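Pasting coords_22.txt here (compact mmCIF, C-alpha atoms):
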```txt
# COMPACT_ATOMS: atom_id res chain seq x y z
CA MET A 7 22.42 11.60 28.53
CA ASN A 8 20.38 8.42 29.04
CA ALA A 9 17.24 10.21 27.85
CA ILE A 10 19.00 10.98 24.58
CA LEU A 11 20.33 7.46 24.20
CA ASN A 12 16.87 6.02 24.84
CA LYS A 13 15.20 8.00 22.06
CA PRO A 14 14.70 6.94 18.45
CA LEU A 15 17.67 8.01 16.33
CA GLU A 16 17.36 10.92 13.92
CA LYS A 17 20.25 9.77 11.74
CA LEU A 18 21.13 6.45 10.15
CA ASN A 19 24.84 5.69 10.26
CA VAL A 20 25.07 2.22 8.75
CA LEU A 21 28.72 1.89 9.82
CA SER A 22 27.81 2.28 13.49
CA PHE A 23 27.02 -0.60 15.84
CA LYS A 24 26.78 1.56 18.96
CA GLY A 25 23.62 1.76 21.03
CA ILE A 26 20.58 -0.48 21.14
CA GLN A 27 19.08 1.31 18.13
CA MET A 28 21.90 0.52 15.69
CA ARG A 29 22.53 -2.92 17.19
CA THR A 30 18.87 -3.78 16.67
CA PHE A 31 18.94 -2.30 13.15
CA HIS A 32 21.83 -4.52 12.06
CA ILE A 33 20.50 -7.64 13.76
CA THR A 34 17.01 -7.23 12.30
CA TRP A 35 18.12 -6.81 8.68
CA LEU A 36 20.58 -9.69 9.03
CA THR A 37 17.83 -11.88 10.50
CA PHE A 38 15.52 -10.98 7.62
CA PHE A 39 18.37 -11.87 5.24
CA VAL A 40 18.62 -15.33 6.83
CA CYS A 41 14.84 -15.73 6.72
CA PHE A 42 14.92 -15.13 2.97
CA PHE A 43 17.46 -17.94 2.70
CA GLY A 44 15.00 -20.26 4.39
CA TRP A 45 11.95 -18.89 2.56
CA PHE A 46 13.37 -19.10 -0.97
CA GLY A 47 16.19 -21.59 -0.56
CA LEU A 48 14.18 -24.14 -2.55
CA ALA A 49 13.56 -21.85 -5.54
CA PRO A 50 16.97 -22.20 -7.27
CA LEU A 51 16.93 -25.95 -6.55
CA MET A 52 13.62 -26.46 -8.39
CA PRO A 53 15.17 -27.91 -11.57
CA ALA A 54 16.63 -30.75 -9.47
CA ILE A 55 13.48 -31.04 -7.33
CA ARG A 56 11.27 -31.11 -10.43
CA ALA A 57 13.28 -34.00 -11.86
CA ASP A 58 13.38 -35.84 -8.52
CA LEU A 59 9.65 -35.62 -7.75
CA GLY A 60 8.41 -35.64 -11.36
CA LEU A 61 6.55 -32.33 -10.98
CA THR A 62 4.30 -30.92 -13.71
CA LYS A 63 3.91 -27.23 -14.60
CA PRO A 64 0.57 -26.89 -12.73
CA GLN A 65 2.14 -28.55 -9.69
CA ILE A 66 5.08 -26.15 -9.79
CA GLY A 67 2.56 -23.31 -10.03
CA ASN A 68 0.81 -24.59 -6.92
CA ILE A 69 4.16 -24.74 -5.13
CA ILE A 70 4.87 -21.10 -6.08
CA ILE A 71 1.44 -20.12 -4.74
CA ALA A 72 1.97 -22.10 -1.52
CA ALA A 73 5.31 -20.36 -0.94
CA VAL A 74 3.61 -16.98 -0.65
CA SER A 75 0.02 -17.71 0.40
CA ALA A 76 0.73 -18.89 3.96
CA THR A 77 2.60 -15.65 4.54
CA ILE A 78 -0.63 -13.66 4.06
CA PHE A 79 -2.17 -14.97 7.26
CA ALA A 80 1.16 -15.11 9.09
CA ARG A 81 1.79 -11.41 8.42
CA LEU A 82 -1.61 -10.41 9.78
CA ILE A 83 -1.02 -12.40 12.96
CA VAL A 84 2.57 -11.24 13.38
CA GLY A 85 1.61 -7.59 12.86
CA LYS A 86 -0.82 -7.79 15.78
CA LEU A 87 1.72 -9.66 17.94
CA CYS A 88 4.27 -6.90 17.34
CA ASP A 89 1.82 -4.35 18.77
CA THR A 90 1.01 -6.49 21.83
CA TRP A 91 3.76 -9.05 22.45
CA GLY A 92 6.70 -7.06 21.09
CA PRO A 93 9.00 -7.62 18.07
CA ARG A 94 11.76 -9.36 20.05
CA LYS A 95 9.68 -12.30 21.26
CA THR A 96 7.67 -12.43 18.04
CA TYR A 97 10.77 -12.71 15.85
CA THR A 98 12.37 -15.32 18.13
CA ALA A 99 9.26 -17.51 18.02
CA LEU A 100 8.95 -17.20 14.25
CA LEU A 101 12.59 -18.20 13.75
CA LEU A 102 12.30 -21.23 16.01
CA LEU A 103 9.08 -22.51 14.45
CA GLY A 104 10.04 -21.59 10.89
CA SER A 105 13.35 -23.44 11.02
CA LEU A 106 11.57 -26.80 11.43
CA PRO A 107 9.95 -27.13 7.98
CA VAL A 108 13.09 -25.68 6.38
CA MET A 109 15.32 -28.38 7.85
CA PHE A 110 12.82 -31.21 7.42
CA VAL A 111 11.52 -30.46 3.89
CA GLY A 112 14.02 -33.10 2.74
CA LEU A 113 11.66 -35.73 4.18
CA ALA A 114 9.19 -34.99 1.36
CA HIS A 115 9.16 -37.73 -1.28
CA ASP A 116 6.12 -36.80 -3.36
CA TYR A 117 4.27 -33.73 -4.62
CA THR A 118 1.70 -33.59 -1.81
CA THR A 119 4.15 -33.72 1.10
CA PHE A 120 6.49 -31.28 -0.63
CA LEU A 121 3.58 -28.86 -1.17
CA LEU A 122 2.67 -29.03 2.54
CA PHE A 123 6.25 -28.35 3.59
CA ARG A 124 6.43 -25.44 1.14
CA LEU A 125 3.23 -24.04 2.62
CA ALA A 126 4.68 -24.23 6.14
CA ILE A 127 7.94 -22.60 5.02
CA GLY A 128 5.89 -19.72 3.61
CA THR A 129 5.10 -18.46 7.12
CA ILE A 130 8.72 -17.29 7.38
CA GLY A 131 7.80 -14.42 5.06
CA ALA A 132 6.11 -12.75 8.04
CA SER A 133 9.62 -11.84 9.18
CA PHE A 134 9.40 -8.76 6.98
CA VAL A 135 6.64 -7.22 9.09
CA ILE A 136 8.71 -7.61 12.26
CA THR A 137 11.78 -6.11 10.59
CA GLN A 138 9.87 -3.03 9.43
CA PHE A 139 8.06 -2.67 12.75
CA HIS A 140 11.24 -2.97 14.80
CA THR A 141 13.16 -0.54 12.61
CA SER A 142 10.31 1.97 12.88
CA MET A 143 10.64 1.83 16.67
CA MET A 144 14.34 2.68 16.57
CA PHE A 145 14.28 5.75 14.31
CA ALA A 146 12.62 9.17 14.33
CA PRO A 147 9.90 10.05 11.78
CA LYS A 148 12.11 12.02 9.40
CA ILE A 149 14.42 9.04 8.85
CA LYS A 150 11.94 6.12 9.15
CA GLY A 151 11.53 5.71 5.40
CA THR A 152 15.26 5.47 4.82
CA ALA A 153 15.87 3.15 7.77
CA ASN A 154 12.99 0.85 6.82
CA ALA A 155 14.11 0.76 3.19
CA VAL A 156 17.73 -0.04 4.01
CA ALA A 157 16.77 -2.77 6.50
CA GLY A 158 14.20 -4.24 4.14
CA GLY A 159 16.48 -4.00 1.12
CA TRP A 160 19.50 -5.59 2.77
CA GLY A 161 17.26 -8.31 4.16
CA ASN A 162 15.66 -8.91 0.75
CA LEU A 163 19.18 -9.29 -0.59
CA GLY A 164 19.01 -12.77 0.91
CA GLY A 165 16.51 -13.62 -1.83
CA GLY A 166 19.21 -12.86 -4.38
CA ILE A 167 22.19 -14.45 -2.67
CA THR A 168 20.28 -17.68 -2.09
CA GLN A 169 19.74 -18.00 -5.86
CA LEU A 170 23.46 -18.63 -6.29
CA ALA A 171 24.43 -19.94 -2.84
CA MET A 172 21.98 -22.84 -2.66
CA PRO A 173 22.95 -24.37 -6.05
CA LEU A 174 26.60 -24.06 -5.01
CA ILE A 175 25.88 -25.77 -1.67
CA MET A 176 24.03 -28.52 -3.53
CA ALA A 177 26.92 -28.88 -5.99
CA MET A 178 29.37 -29.12 -3.11
CA ILE A 179 27.30 -31.89 -1.49
CA VAL A 180 27.20 -33.72 -4.84
CA GLY A 181 30.99 -33.40 -4.90
CA PHE A 182 31.11 -35.46 -1.70
CA GLY A 183 29.45 -38.34 -3.52
CA TYR A 184 25.75 -37.70 -2.93
CA THR A 185 23.17 -37.79 -5.72
CA LYS A 186 21.18 -34.64 -6.65
CA PRO A 187 17.98 -35.98 -5.02
CA GLU A 188 19.96 -36.40 -1.80
CA ALA A 189 21.91 -33.17 -2.18
CA TRP A 190 18.98 -30.75 -2.42
CA ARG A 191 17.49 -32.25 0.74
CA LEU A 192 20.73 -31.94 2.71
CA ALA A 193 21.32 -28.42 1.40
CA MET A 194 18.17 -27.12 3.12
CA ILE A 195 19.57 -27.97 6.55
CA PHE A 196 21.97 -25.04 6.15
CA PRO A 197 19.40 -22.18 6.18
CA GLY A 198 17.46 -23.93 8.96
CA VAL A 199 20.52 -23.95 11.23
CA LEU A 200 21.19 -20.29 10.42
CA MET A 201 17.65 -19.46 11.55
CA LEU A 202 18.19 -21.20 14.89
CA ILE A 203 21.40 -19.20 15.43
CA MET A 204 19.60 -15.92 14.68
CA ALA A 205 16.78 -16.85 17.08
CA PHE A 206 19.34 -16.86 19.91
CA VAL A 207 21.01 -13.67 18.70
CA TYR A 208 17.70 -11.82 18.36
CA TYR A 209 16.41 -12.75 21.79
CA ARG A 210 19.72 -12.07 23.50
CA PHE A 211 20.90 -8.85 21.87
CA THR A 212 17.85 -6.78 20.85
CA LYS A 213 15.17 -4.83 22.75
CA ASP A 214 11.62 -3.95 21.72
CA THR A 215 12.19 -0.19 21.92
CA PRO A 216 15.11 2.15 22.62
CA ASN A 217 13.86 2.33 26.21
CA GLY A 218 13.53 -1.40 26.84
CA ASN A 219 11.22 -4.35 26.31
CA PHE A 220 7.43 -4.19 26.46
CA ARG A 221 7.16 -6.11 29.71
CA ASN A 222 9.49 -3.83 31.68
CA ALA A 223 9.25 -0.45 29.95
CA GLY A 224 7.71 2.31 32.02
CA PRO A 225 4.67 4.43 31.17
CA ASP A 226 6.89 7.07 29.59
CA GLU A 227 8.41 4.62 27.13
CA ILE A 228 9.50 6.66 24.14
CA GLY A 229 7.25 6.18 21.16
CA TYR A 230 4.93 3.70 22.83
CA SER A 231 3.16 5.41 25.69
CA THR A 232 0.30 6.33 23.36
CA VAL A 233 0.19 2.91 21.75
CA LYS A 234 -0.05 1.12 25.08
CA THR A 235 -2.71 3.39 26.59
CA GLU A 236 -4.81 3.98 23.47
CA LYS A 237 -5.18 0.71 21.62
CA VAL A 238 -6.57 0.86 18.11
CA SER A 239 -8.84 -1.95 16.97
CA PHE A 240 -7.99 -3.91 13.84
CA GLY A 241 -11.21 -2.75 12.18
CA LYS A 242 -10.53 0.91 12.84
CA ALA A 243 -6.92 0.63 11.72
CA VAL A 244 -7.84 -0.89 8.34
CA SER A 245 -10.89 1.28 7.66
CA ASP A 246 -8.60 3.88 6.08
CA ILE A 247 -8.60 3.64 2.26
CA ARG A 248 -4.90 4.52 2.24
CA VAL A 249 -4.11 1.20 3.94
CA TRP A 250 -5.71 -0.73 1.10
CA ALA A 251 -4.11 1.49 -1.54
CA LEU A 252 -0.71 0.69 -0.04
CA ALA A 253 -1.59 -3.01 0.16
CA LEU A 254 -2.50 -2.95 -3.54
CA ALA A 255 0.71 -1.11 -4.41
CA TYR A 256 2.78 -3.57 -2.38
CA GLY A 257 1.04 -6.45 -4.10
CA CYS A 258 2.35 -5.07 -7.39
CA CYS A 259 5.94 -4.49 -6.28
CA PHE A 260 6.80 -6.95 -3.51
CA GLY A 261 4.29 -9.44 -4.89
CA MET A 262 6.18 -9.40 -8.18
CA GLU A 263 9.49 -9.66 -6.32
CA ILE A 264 8.65 -12.87 -4.49
CA THR A 265 7.00 -14.29 -7.61
CA PHE A 266 10.14 -13.61 -9.64
CA ASP A 267 12.31 -15.04 -6.85
CA GLY A 268 10.30 -18.23 -7.15
CA VAL A 269 10.43 -18.64 -10.94
CA ALA A 270 13.56 -16.78 -12.10
CA ALA A 271 16.05 -19.67 -11.91
CA LEU A 272 13.59 -22.06 -13.57
CA TYR A 273 12.79 -19.47 -16.26
CA PHE A 274 16.46 -18.94 -17.16
CA PHE A 275 17.13 -22.69 -16.91
CA ASP A 276 14.37 -23.56 -19.39
CA ASN A 277 14.44 -20.57 -21.76
CA PHE A 278 18.19 -20.20 -22.17
CA LYS A 279 19.30 -23.82 -21.63
CA MET A 280 21.81 -23.40 -18.81
CA ALA A 281 22.94 -25.24 -15.68
CA GLU A 282 21.41 -24.64 -12.23
CA THR A 283 24.39 -22.62 -11.04
CA GLU A 284 24.39 -20.37 -14.12
CA ALA A 285 20.63 -19.85 -13.93
CA GLY A 286 21.04 -19.09 -10.23
CA PHE A 287 23.69 -16.48 -11.02
CA TRP A 288 21.41 -14.51 -13.38
CA ALA A 289 18.51 -14.82 -10.95
CA MET A 290 20.83 -13.51 -8.21
CA LEU A 291 21.28 -10.23 -10.11
CA PHE A 292 17.60 -9.49 -9.57
CA GLY A 293 17.80 -9.96 -5.81
CA GLY A 294 21.22 -8.29 -5.71
CA MET A 295 19.60 -4.98 -6.66
CA ASN A 296 18.31 -4.86 -3.09
CA ILE A 297 21.75 -3.84 -1.87
CA PHE A 298 20.89 -0.28 -2.91
CA ALA A 299 17.60 -0.01 -4.85
CA ARG A 300 15.10 -0.44 -1.99
CA ALA A 301 17.18 1.90 0.17
CA LEU A 302 17.23 4.40 -2.69
CA GLY A 303 13.44 4.31 -2.79
CA GLY A 304 13.24 5.08 0.93
CA ILE A 305 15.84 7.84 0.75
CA VAL A 306 14.14 9.54 -2.20
CA ALA A 307 10.74 9.15 -0.51
CA ASP A 308 12.02 10.82 2.67
CA LYS A 309 13.46 13.71 0.69
CA VAL A 310 10.28 14.10 -1.33
CA GLY A 311 8.22 13.85 1.86
CA ASN A 312 10.27 16.53 3.61
CA LYS A 313 9.62 18.90 0.72
CA TYR A 314 6.17 17.91 -0.60
CA GLY A 315 4.66 15.94 2.28
CA MET A 316 2.86 12.62 2.11
CA ARG A 317 1.09 13.61 -1.10
CA GLY A 318 4.50 13.83 -2.75
CA LYS A 319 5.46 10.39 -1.44
CA GLY A 320 2.28 8.96 -2.94
CA ILE A 321 2.97 10.47 -6.36
CA LEU A 322 6.51 9.11 -6.25
CA LEU A 323 5.22 5.61 -5.47
CA ALA A 324 2.69 5.78 -8.29
CA GLY A 325 5.35 6.82 -10.79
CA MET A 326 7.70 4.02 -9.73
CA LEU A 327 4.94 1.44 -10.22
CA VAL A 328 4.19 2.66 -13.73
CA LEU A 329 7.87 2.39 -14.67
CA GLU A 330 8.05 -1.06 -13.07
CA GLY A 331 5.13 -2.24 -15.18
CA VAL A 332 6.76 -0.98 -18.37
CA GLY A 333 10.01 -2.75 -17.44
CA ILE A 334 8.26 -6.08 -16.80
CA THR A 335 6.59 -5.82 -20.20
CA LEU A 336 9.97 -5.26 -21.87
CA PHE A 337 11.37 -8.28 -20.02
CA ALA A 338 8.50 -10.44 -21.27
CA GLN A 339 9.32 -9.48 -24.86
CA ALA A 340 13.10 -9.97 -24.59
CA GLY A 341 14.24 -12.40 -27.27
CA ASN A 342 17.74 -13.16 -26.00
CA LEU A 343 19.67 -13.34 -22.75
CA PRO A 344 21.40 -9.88 -22.89
CA MET A 345 18.08 -8.12 -23.55
CA ALA A 346 16.39 -10.14 -20.80
CA ILE A 347 19.09 -9.21 -18.29
CA MET A 348 18.91 -5.49 -19.18
CA ALA A 349 15.12 -5.47 -18.91
CA MET A 350 15.23 -7.42 -15.65
CA ILE A 351 17.66 -4.97 -14.04
CA THR A 352 15.51 -2.05 -15.23
CA PHE A 353 12.24 -3.27 -13.77
CA ALA A 354 14.05 -4.54 -10.66
CA LEU A 355 15.27 -1.00 -9.96
CA PHE A 356 11.79 0.52 -10.03
CA LEU A 357 10.22 -2.48 -8.28
CA LYS A 358 12.57 -2.31 -5.33
CA MET A 359 12.36 1.48 -5.15
CA SER A 360 8.58 1.02 -4.98
CA ASN A 361 9.05 -1.36 -2.05
CA GLY A 362 11.07 1.27 -0.22
CA SER A 363 8.64 4.07 -1.08
CA THR A 364 5.66 2.05 0.19
CA TYR A 365 7.15 1.55 3.64
CA ALA A 366 8.22 5.18 3.78
CA ILE A 367 4.47 5.87 3.97
CA VAL A 368 3.23 2.95 6.12
CA PRO A 369 4.47 4.16 9.56
CA PHE A 370 2.59 7.46 9.19
CA VAL A 371 -0.87 6.26 8.22
CA ASN A 372 -1.72 5.59 11.87
CA PRO A 373 1.21 5.68 14.36
CA LYS A 374 -0.99 3.95 16.98
CA ALA A 375 -1.32 0.82 14.84
CA VAL A 376 1.99 0.52 13.02
CA GLY A 377 2.14 -3.24 13.52
CA VAL A 378 -1.38 -3.93 12.25
CA ILE A 379 -0.99 -1.71 9.20
CA SER A 380 2.47 -3.11 8.45
CA GLY A 381 0.94 -6.56 8.59
CA VAL A 382 -1.97 -5.71 6.29
CA VAL A 383 0.23 -3.98 3.71
CA GLY A 384 2.81 -6.75 3.95
CA ALA A 385 0.06 -9.34 3.48
CA GLY A 386 -1.05 -7.37 0.42
CA GLY A 387 2.35 -8.08 -1.08
CA ASN A 388 1.81 -11.79 -0.64
CA VAL A 389 -1.74 -11.66 -2.01
CA GLY A 390 -0.23 -10.10 -5.12
CA GLY A 391 2.38 -12.85 -5.28
CA MET A 392 -0.25 -15.54 -4.82
CA LEU A 393 -2.48 -14.18 -7.60
CA MET A 394 0.50 -13.90 -9.95
CA GLY A 395 1.33 -17.51 -9.14
CA PHE A 396 -1.91 -18.65 -10.78
CA LEU A 397 -0.65 -17.29 -14.10
CA PHE A 398 2.47 -19.45 -13.85
CA LYS A 399 0.53 -22.67 -13.23
CA SER A 400 -1.66 -22.27 -16.30
CA GLN A 401 -1.09 -24.77 -19.10
CA SER A 402 -2.52 -22.37 -21.69
CA ILE A 403 -0.05 -19.49 -21.27
CA THR A 404 3.73 -19.37 -21.25
CA TYR A 405 5.89 -17.78 -18.56
CA GLY A 406 6.63 -14.94 -20.99
CA GLN A 407 2.93 -14.25 -21.48
CA ALA A 408 2.42 -14.32 -17.71
CA PHE A 409 5.08 -11.62 -17.30
CA MET A 410 3.37 -9.57 -20.04
CA TYR A 411 0.02 -9.65 -18.24
CA ILE A 412 1.63 -8.77 -14.91
CA GLY A 413 3.46 -5.80 -16.44
CA GLY A 414 0.22 -4.36 -17.78
CA ILE A 415 -1.61 -4.80 -14.48
CA VAL A 416 1.20 -3.17 -12.48
CA ALA A 417 1.27 -0.15 -14.81
CA VAL A 418 -2.50 0.31 -14.52
CA VAL A 419 -2.38 0.10 -10.71
CA GLY A 420 0.37 2.74 -10.75
CA LEU A 421 -1.84 5.08 -12.77
CA LEU A 422 -4.77 4.53 -10.37
CA LEU A 423 -2.55 5.31 -7.39
CA PHE A 424 -2.05 8.86 -8.65
CA MET A 425 -5.62 9.50 -7.54
CA VAL A 426 -5.02 8.51 -3.90
CA ASN A 427 -4.25 11.40 -1.57
CA PHE A 428 -1.85 10.33 1.19
CA GLY A 429 -1.63 13.94 2.36
CA LYS A 430 -3.93 13.30 5.34
CA ALA A 431 -1.04 11.43 6.95
CA THR A 432 0.88 14.67 7.48
CA VAL A 433 -1.26 15.40 10.54
CA LEU A 434 -0.47 12.01 12.02
CA GLU A 435 3.17 12.45 11.16
CA SER A 436 3.21 15.72 13.11
CA THR A 437 1.45 14.00 16.00
CA GLU A 438 4.05 11.27 16.10
CA SER A 439 6.87 13.81 15.90
CA THR A 440 5.41 15.56 18.93
CA MET A 441 4.97 12.24 20.75
CA GLN A 442 8.54 11.18 20.02
CA THR A 443 10.03 14.42 21.38
CA ALA A 444 7.68 15.01 24.31
```
As structure tokens:
Amino acid sequence: MNAILNKPLEKLNVLSFKGIQMRTFHITWLTFFVCFFGWFGLAPLMPAIRADLGLTKPQIGNIIIAAVSATIFARLIVGKLCDTWGPRKTYTALLLLGSLPVMFVGLAHDYTTFLLFRLAIGTIGASFVITQFHTSMMFAPKIKGTANAVAGGWGNLGGGITQLAMPLIMAMIVGFGYTKPEAWRLAMIFPGVLMLIMAFVYYRFTKDTPNGNFRNAGPDEIGYSTVKTEKVSFGKAVSDIRVWALALAYGCCFGMEITFDGVAALYFFDNFKMAETEAGFWAMLFGGMNIFARALGGIVADKVGNKYGMRGKGILLAGMLVLEGVGITLFAQAGNLPMAIMAMITFALFLKMSNGSTYAIVPFVNPKAVGVISGVVGAGGNVGGMLMGFLFKSQSITYGQAFMYIGGIVAVVGLLLFMVNFGKATVLESTESTMQTA
């Protein structure tokens, strides 16, 4: 009985909290949700911050870039730590360290210090790699895509909820007699405290694998005996062209997601002349799609993979990216709020399904280096977000034009991805299936 309980699960019952696998699943997506609060808690407060610090458009662009650029390096480091140190300790350390700049960003009183705090907060984005890695350890190959997509999607939902929650928290603080410059600073203490709480919960109630933690698991540890005895170098792990194809794809979907999270409230605030809370509400709809859309991408990818293999998953991902690009272009051309909302929801659906489809492929590229590859692909998402950020800092183009350019690029990348054959991963998938059941 214990041998069964200590194996990765072959089914995902989201209503269950029994067993270390499901307990870890729920804790890891909830932790990622909280991390998104810390990571993008400042985004919906930017109208007030802009007025307080007297920020220019190029400065706001630099802040958007800083929010995602630090995550690139953090994800590479965290991916390696997951393979060697274990996801439990890695996540706990990230939460403890990441909570500091979140709580203390209110000490910034000019552009330079605010930019440095925003850069430090960006490291929290590495939480995604740990979430995907840890979920992959808890579920069998045939359900990995679905489990990763649900965990990632529900965690990403924090990027949507924070768009409405943080302006409401700021408004509540203003209601107690504080000014807006004081209120946005005090509001950021809330996500920082939540991160400290989740650091305790993660360390206390999760394990690295179904069979225990890295330091005390035996040589027959399910799903990790091969990883621990046959280490794969970083260079060898990333020499596979499929890794870079996935990183490019993730740059176009997740990169666009975090870019939009950073500018959505400001875009609605400026273009449609509304209050922070109203702008935050419309921006929340984008993030709110994560409650089902990323999971849908993983579920569809698993079904396609079961029938058509990894080649089928790759074609699905390519098609989703093309549709995402078309949707972004339509959003850029929307002339009124209803059309903008419809276009946003459309491209959000395909974007988030692309996110889920990408990480339905990642665990099978090389099962001996899941952490490293998760980190590289995840970092690719942030590279995409960083490059898109340069468009939004330009004085010569509008935000609408920036969205137009991004839509075209994403569609072209989707077309190119049709030429990448992910089918080679089916051998590795079979190897991992054998390893998991041996």
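CA of Lys186 (chain A) lies 28.8 Å from CA of Thr77 (chain A).
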**Complete:** Shortest contact to Arg317 (chain A), candidates A:Asp246, A:Gly406, A:Leu423, A:Ile379, atoms counted all atoms listed in the file, goes to A:Leu423
Give me, as CSV, each residue of region 148-225 of chain A that comes within 10 Å of region 305-313 of chain A, together with its shortest interatomic pair and the distance in Å at one decimal, counting only C-alpha atoms, with rows ordered by chain and rising residue number.
```
residue,atom,partner,partner_atom,distance
A:Lys148,CA,A:Asp308,CA,6.8
A:Ile149,CA,A:Asp308,CA,6.9
A:Lys150,CA,A:Asp308,CA,8.0
A:Gly151,CA,A:Asp308,CA,5.8
A:Thr152,CA,A:Ile305,CA,4.7
A:Ala153,CA,A:Ile305,CA,8.4
A:Asn154,CA,A:Ile305,CA,9.7
A:Ala155,CA,A:Ile305,CA,7.7
A:Val156,CA,A:Ile305,CA,8.7
```
**Request:** Between CA of Leu272 (chain A) and CA of Met52 (chain A), measure the distance and give it in Å to one decimal.
**Result:** 6.8 Å
**Close residues, Leu163 (chain A) itself excluded, 12 Å, all atoms listed in the file, min 3 positions apart in chain, as a PyMOL selection string** = chain A and resi 35-43+46+155-160+166-170+263-264+267+289-301+358
**Message:** Please list, as a ChimeraX atom specification, the residues that have an atom at most 12 Å away from (4.9, -1.6, -3.9) in the coordinates of this file, counting all atoms listed in the file.
**Reply:** /A:155,250-264,300,303-304,320,322-331,354,356-368,383-388,390-391,416-417,419-420,423
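Rounded to one decimal, CA of Met280 (chain A) and CA of Ala57 (chain A) lie 15.3 Å from each other.
Among the candidate residues A:Gly161, A:Pro173, A:Gly25, A:Pro53, the one lying nearest to Asn217 (chain A) is A:Gly25, with distances computed using only C-alpha atoms.
The smallest atom-to-atom distance between Trp91 (chain A) and any of A:Ser239, A:Thr335, A:Ser245, A:Asn219, using all atoms listed in the file, is found for A:Asn219.
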**Request:** Name the residues in contact with Phe110 (chain A) at a cut-off of 10 Å, using only C-alpha atoms, excluding same-chain residues fewer than 2 positions from it; report them as an MDAnalysis selection string.
**Result:** chainID A and resid 105:108 112:114 123 191:192 194:195 198
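Using only C-alpha atoms, the nearest neighbour of Phe274 (chain A) within the list A:Thr62, A:Gln407, A:Thr96, A:Asn342 is A:Asn342.
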Report as AutoDock Vina command-line options the centre and the edge lengths, in Å to one decimal, of the axis-aligned box holding every listed atom of region 348-363 of chain A, padded by 3 Å on each side.
```
--center_x 13.7 --center_y -1.7 --center_z -9.7 --size_x 16.3 --size_y 17.5 --size_z 25.0
```
**Asked** Using only C-alpha atoms, can you list as a PyMOL selection string the residues within 8 Å of (2.7, 11.6, 1.4)?
**Response** chain A and resi 311+314-321+367+427-432
**Message:** What's around Asp214 (chain A) at 12 Å? Count all atoms listed in the file, leave out sequence neighbours fewer than 6 positions away in its own chain, and write the answer as a PyMOL selection string.
**Reply:** chain A and resi 12+14+26-27+29-31+34+88-98+136-137+139-144+208+220-223+227-230
**Near-Ala132 (chain A) list (9 Å; all atoms listed in the file; drop same-chain fewer than 3 positions) as a PyMOL selection string** = chain A and resi 77-85+100+128-129+135-136+381+384-385
**Request:** Quick one: everything within 12 Å of Phe278 (chain A), counting all atoms listed in the file, minus sequence neighbours fewer than 6 positions away in the same chain. Send it as a list in words.
**Result:** Ala270, Ala271, Leu272, Glu284, Ala285, Trp288, Ala340, Gly341, Asn342, Leu343, Pro344, Ala346 and Ile347 of chain A
**Prompt:** Nearest to Gly377 (chain A): which of A:Lys86, A:Arg56, A:Lys24, A:Lys13 is it, counting only C-alpha atoms?
**Reply:** A:Lys86
